[in-house]
Amino acid sequence: MASRVNHKLVKQRLNEKRSSITDRQFFVSRILAGHFEDMAAVQTRRYNYQRRVRVVIVWEPKNRNIACTDNMKIWINAGHPMITKVKGRENRYQIVCGLFAHELGHVLYTDFLSSQTHANYLAAYRWHPTPPIFSMSADVRRENEFWEYVKLDKMNLAVVQQIAHHISNILEDGYIENRILNNFPGTLGCGLEEVRALQFEEMPTVTQLIEKEENGDMHICESIFQLMLAYAKFGEIKYGDEPLSDIRIKTVFGLLNEIDDAVKARSSKTRLGIVNLILIRCWDYIKEYCEICKEKQKEAAE
């Protein structure tokens with residue numbers, strides 16, 4: 001009974017004037033968090049997920065993070081500029097609902113243990129679940145260089161594990177969003193569509209990415225990952241003024257079949273196998289990016 005009262009209160013407060021309750025008060029209220037926890041309980045029950053998923057909503061405008069989950073708790077930053085720039089409390093609620101839907105997708109469909117297993121295998125200088133299958137002779141050279149680099153020191157291994165996890169997240173995002181949109185066409189799916197529309201609008205073109213590289217704000221490896229994310233989530237790349245012969249576009253085009261397979265596959269092992277292939281196929285860029293990451297980590301530590 002209390003659950004139904006919460007949902008009525010949410011609707012009531014959505015329509016209240018700002019003078020009665022501010023957006024900040026509304027979004028960080030325990031009532032709204034409970035509203036999303038009830039939604040999670042209803043949706044997870046169909047998957048025999050027994051634990052109750054906790055939801056924490058904060059208001060941190062200066063925090064660049066917008067949402068995340070550790071499989072037990074969903075954290076959402078309602079004060080993030082991507083949300084607060086949207087006019088109207090109900091529209092902002094839709095964005096928060098979409099972010100919740102994305103994170104719930106990870107809770108329902110992401111195998112969190114498989115990612116740790118992949119990292120553990122890398123630490124043992126082995127591939128998980130299987131070694132990548134190469135169709136290009138240059139990949140054999142890249143794989144040899146990859147293992148030489150990883151074995152050189154522990155910092156090299158750590159940064160490669162981080163990048164492998166990042167690539168895995170890119171593929172996972174495309175996979176879980178496809179499943180949410182297919183399985184939850186109602187409130188959750190609509191909210192996720194709103195978020196996706198905002199994200200695609202904000203995604204830079206290849207031309208803009210190149211400008212960031214030239215300004216020293218981005219590495220070409222990051223640009224390639226950005227294009228992979230655009231294709232994994234939206235099936236589309238924003239080219240800007242760049243021809244299809246651009247090396248970033250060509251690199252991602254060379255992996256389109258694999259990205260398609262990763263987004264469709266129910267098995268996390270399939271996606272991790274594709275992560276392995278991407279690590280090697282893009283190694284010439286990743287190796288240079290690893291060194292930049294290491295320098296940044298040293299500077300932060302100092």
# chains A, B, ... in the order shown; residues from 1 in each chain; ligands from 1
$ closest_atom_pairs --of "range 122-144 of chain A" --to "range 276-297 of chain A" --cutoff "8 Å" --atoms "only C-alpha atoms" --output "JSON lines"
{"residue": "A:Trp127", "atom": "CA", "partner": "A:Asn276", "partner_atom": "CA", "distance": 7.4}
{"residue": "A:Pro131", "atom": "CA", "partner": "A:Asn276", "partner_atom": "CA", "distance": 7.2}
{"residue": "A:Pro132", "atom": "CA", "partner": "A:Leu277", "partner_atom": "CA", "distance": 5.0}
{"residue": "A:Ile133", "atom": "CA", "partner": "A:Leu277", "partner_atom": "CA", "distance": 7.2}
{"residue": "A:Phe134", "atom": "CA", "partner": "A:Leu277", "partner_atom": "CA", "distance": 7.7}
{"residue": "A:Asp139", "atom": "CA", "partner": "A:Arg281", "partner_atom": "CA", "distance": 6.2}
{"residue": "A:Arg142", "atom": "CA", "partner": "A:Ile280", "partner_atom": "CA", "distance": 5.9}
{"residue": "A:Glu143", "atom": "CA", "partner": "A:Ile280", "partner_atom": "CA", "distance": 5.7}
$ residues_around --residues "range 106-109 of chain A" --least-positions-apart "6" --cutoff "12 Å" --atoms "only C-alpha atoms" --output "number ranges by chain"
A: 40-41, 43-55, 67-74, 99-100, 169, 171-180, 183, 263, 265-268
$ write_last_selection --atoms "C-alpha atoms" --output "mmCIF file, in the first residue's frame"
data_model
loop_
_atom_site.group_PDB
_atom_site.id
_atom_site.type_symbol
_atom_site.label_atom_id
_atom_site.label_comp_id
_atom_site.auth_asym_id
_atom_site.auth_seq_id
_atom_site.Cartn_x
_atom_site.Cartn_y
_atom_site.Cartn_z
ATOM 1 C CA ALA A 40 13.279 -1.879 -10.206
ATOM 2 C CA ALA A 41 11.669 -4.476 -7.929
ATOM 3 C CA GLN A 43 11.076 -5.337 -13.416
ATOM 4 C CA THR A 44 13.768 -7.489 -11.784
ATOM 5 C CA ARG A 45 11.215 -9.961 -10.428
ATOM 6 C CA ARG A 46 10.557 -11.302 -13.933
ATOM 7 C CA TYR A 47 14.262 -12.243 -14.126
ATOM 8 C CA ASN A 48 14.216 -13.961 -10.700
ATOM 9 C CA TYR A 49 16.546 -11.273 -9.364
ATOM 10 C CA GLN A 50 16.053 -11.595 -5.603
ATOM 11 C CA ARG A 51 17.962 -8.626 -4.138
ATOM 12 C CA ARG A 52 16.263 -5.233 -3.868
ATOM 13 C CA VAL A 53 18.160 -2.675 -5.932
ATOM 14 C CA ARG A 54 18.859 0.526 -4.010
ATOM 15 C CA VAL A 55 18.578 3.880 -5.793
ATOM 16 C CA ALA A 67 24.943 7.767 -13.441
ATOM 17 C CA CYS A 68 26.441 4.384 -12.571
ATOM 18 C CA THR A 69 25.707 1.055 -10.890
ATOM 19 C CA ASP A 70 27.645 -1.626 -9.049
ATOM 20 C CA ASN A 71 24.846 -4.186 -9.548
ATOM 21 C CA MET A 72 23.413 -3.508 -6.071
ATOM 22 C CA LYS A 73 22.936 0.259 -6.116
ATOM 23 C CA ILE A 74 21.988 2.680 -8.890
ATOM 24 C CA LEU A 99 19.272 7.146 -16.929
ATOM 25 C CA PHE A 100 17.664 4.819 -14.408
ATOM 26 C CA ASN A 169 31.611 -0.881 -21.485
ATOM 27 C CA LEU A 171 29.920 -2.748 -26.333
ATOM 28 C CA GLU A 172 27.885 -3.445 -23.195
ATOM 29 C CA ASP A 173 26.090 -0.093 -23.432
ATOM 30 C CA GLY A 174 24.911 -0.894 -26.937
ATOM 31 C CA TYR A 175 23.788 -4.365 -25.865
ATOM 32 C CA ILE A 176 21.847 -3.443 -22.716
ATOM 33 C CA GLU A 177 20.124 -0.442 -24.312
ATOM 34 C CA ASN A 178 18.907 -2.621 -27.187
ATOM 35 C CA ARG A 179 17.421 -5.067 -24.697
ATOM 36 C CA ILE A 180 15.761 -2.352 -22.578
ATOM 37 C CA ASN A 183 11.700 -5.467 -23.520
ATOM 38 C CA VAL A 263 25.480 -5.682 -29.520
ATOM 39 C CA ALA A 265 24.965 -11.420 -28.543
ATOM 40 C CA ARG A 266 23.370 -12.583 -25.285
ATOM 41 C CA SER A 267 26.672 -14.067 -24.127
ATOM 42 C CA SER A 268 29.162 -11.784 -22.369
#
$ select_by_dssp --residues "range 17-95 of chain A" --states "alpha helix (DSSP H)" --output "VMD selection string"
chain A and resid 23 to 27 30 to 45 81 to 84 89 to 95
$ residues_around --residues "Asp246 in chain A" --least-positions-apart "5" --cutoff "12 Å" --atoms "only C-alpha atoms" --output "list in words"
Val206, Thr207, Leu209, Ile210, Ile220, Ser223, Ile224, Tyr239, Gly240, Asp241, Thr251, Val252 and Phe253 of chain A
$ residues_around --residues "Gly235 in chain A" --least-positions-apart "2" --cutoff "10 Å" --atoms "only C-alpha atoms" --output "PyMOL selection string"
chain A and resi 174+228-233+237+256+259-260
$ write_last_selection --atoms "N, CA, C and O atoms" --output "CSV table (one decimal), in the first residue's frame"
chain,number,residue,atom,x,y,z
A,174,GLY,N,25.7,-0.6,-25.8
A,174,GLY,CA,24.9,-0.9,-26.9
A,174,GLY,C,24.0,-2.1,-26.7
A,174,GLY,O,22.8,-2.1,-27.1
A,228,MET,N,33.2,4.3,-32.0
A,228,MET,CA,32.7,2.9,-31.7
A,228,MET,C,31.4,3.0,-30.8
A,228,MET,O,30.4,2.3,-31.0
A,229,LEU,N,31.4,3.9,-29.8
A,229,LEU,CA,30.3,4.1,-28.9
A,229,LEU,C,29.1,4.6,-29.7
A,229,LEU,O,27.9,4.1,-29.5
A,230,ALA,N,29.3,5.5,-30.6
A,230,ALA,CA,28.2,6.1,-31.5
A,230,ALA,C,27.6,4.9,-32.3
A,230,ALA,O,26.3,4.8,-32.4
A,231,TYR,N,28.4,4.1,-32.9
A,231,TYR,CA,27.9,3.0,-33.7
A,231,TYR,C,27.2,1.9,-32.8
A,231,TYR,O,26.1,1.4,-33.2
A,232,ALA,N,27.8,1.6,-31.7
A,232,ALA,CA,27.3,0.5,-30.8
A,232,ALA,C,25.9,0.9,-30.3
A,232,ALA,O,25.0,0.1,-30.2
A,233,LYS,N,25.7,2.2,-30.0
A,233,LYS,CA,24.5,2.6,-29.4
A,233,LYS,C,23.4,3.1,-30.4
A,233,LYS,O,22.3,2.7,-30.3
A,237,ILE,N,27.3,7.1,-37.3
A,237,ILE,CA,28.5,7.9,-37.0
A,237,ILE,C,28.3,9.3,-37.6
A,237,ILE,O,27.9,9.4,-38.7
A,256,LEU,N,32.9,-3.1,-37.9
A,256,LEU,CA,31.4,-3.0,-37.9
A,256,LEU,C,30.8,-4.3,-37.6
A,256,LEU,O,29.8,-4.4,-36.8
A,259,ILE,N,31.2,-5.3,-34.0
A,259,ILE,CA,30.4,-4.5,-33.1
A,259,ILE,C,29.0,-4.9,-33.2
A,259,ILE,O,28.3,-5.0,-32.2
A,260,ASP,N,28.5,-5.2,-34.4
A,260,ASP,CA,27.1,-5.7,-34.6
A,260,ASP,C,26.9,-7.0,-33.8
A,260,ASP,O,25.9,-7.1,-33.1
$ residues_around --residues "range 76-81 of chain A" --least-positions-apart "6" --cutoff "9 Å" --atoms "only C-alpha atoms" --output "count of residues only"
24
$ residues_around --residues "Thr117 in chain A" --least-positions-apart "5" --cutoff "10 Å" --atoms "only C-alpha atoms" --output "ChimeraX atom specification"
/A:112,122-123,128-129
$ select_by_dssp --residues "range 25-207 of chain A" --states "strand (DSSP E)" --output "list of chain:residue names"
A:Arg54, A:Val55, A:Val56, A:Ile57, A:Val58, A:Ala67, A:Cys68, A:Thr69, A:Lys73, A:Ile74, A:Trp75, A:Ile76, A:Asn77
$ closest_residue --among "A:His165, A:Lys11, A:His35, A:Lys269" --to "Asp111 in chain A" --atoms "only C-alpha atoms"
A:Lys269
$ atom_distance --atom1 "CA of Val275 in chain A" --atom2 "CA of Ser168 in chain A"
6.0 Å
$ atom_distance --atom1 "CA of Ile249 in chain A" --atom2 "CA of Ile167 in chain A"
16.7 Å
$ closest_residue --among "A:Ile274, A:Ala197, A:Ile247, A:Leu104" --to "Phe234 in chain A" --atoms "only C-alpha atoms"
A:Ala197
$ decode --residues "range 61-75 of chain A" --atoms "N, CA and C atoms" --output "compact mmCIF listing (two decimals), in the first residue's frame"
# COMPACT_ATOMS: atom_id res chain seq x y z
N PRO A 61 26.03 19.46 -9.28
CA PRO A 61 26.25 20.10 -10.59
C PRO A 61 27.70 20.08 -11.07
N LYS A 62 28.67 20.08 -10.16
CA LYS A 62 30.07 20.12 -10.56
C LYS A 62 30.67 18.73 -10.79
N ASN A 63 29.91 17.70 -10.47
CA ASN A 63 30.38 16.32 -10.67
C ASN A 63 30.13 15.92 -12.11
N ARG A 64 31.18 15.51 -12.83
CA ARG A 64 31.05 15.15 -14.25
C ARG A 64 30.33 13.82 -14.44
N ASN A 65 30.29 12.99 -13.39
CA ASN A 65 29.60 11.70 -13.49
C ASN A 65 28.10 11.92 -13.43
N ILE A 66 27.37 11.16 -14.25
CA ILE A 66 25.93 11.36 -14.31
C ILE A 66 25.15 10.16 -13.76
N ALA A 67 25.65 8.94 -13.95
CA ALA A 67 24.94 7.77 -13.44
C ALA A 67 25.86 6.56 -13.49
N CYS A 68 25.66 5.62 -12.57
CA CYS A 68 26.44 4.38 -12.57
C CYS A 68 25.74 3.36 -11.69
N THR A 69 26.22 2.11 -11.76
CA THR A 69 25.71 1.05 -10.89
C THR A 69 26.82 0.06 -10.59
N ASP A 70 26.71 -0.55 -9.41
CA ASP A 70 27.64 -1.63 -9.05
C ASP A 70 26.90 -2.96 -8.94
N ASN A 71 25.70 -3.00 -9.53
CA ASN A 71 24.85 -4.19 -9.55
C ASN A 71 23.97 -4.30 -8.30
N MET A 72 24.25 -3.50 -7.27
CA MET A 72 23.41 -3.51 -6.07
C MET A 72 22.78 -2.15 -5.81
N LYS A 73 23.43 -1.10 -6.32
CA LYS A 73 22.94 0.26 -6.12
C LYS A 73 23.03 1.03 -7.43
N ILE A 74 21.98 1.79 -7.73
CA ILE A 74 21.99 2.68 -8.89
C ILE A 74 22.13 4.11 -8.38
N TRP A 75 23.15 4.81 -8.87
CA TRP A 75 23.45 6.18 -8.45
C TRP A 75 23.21 7.11 -9.63
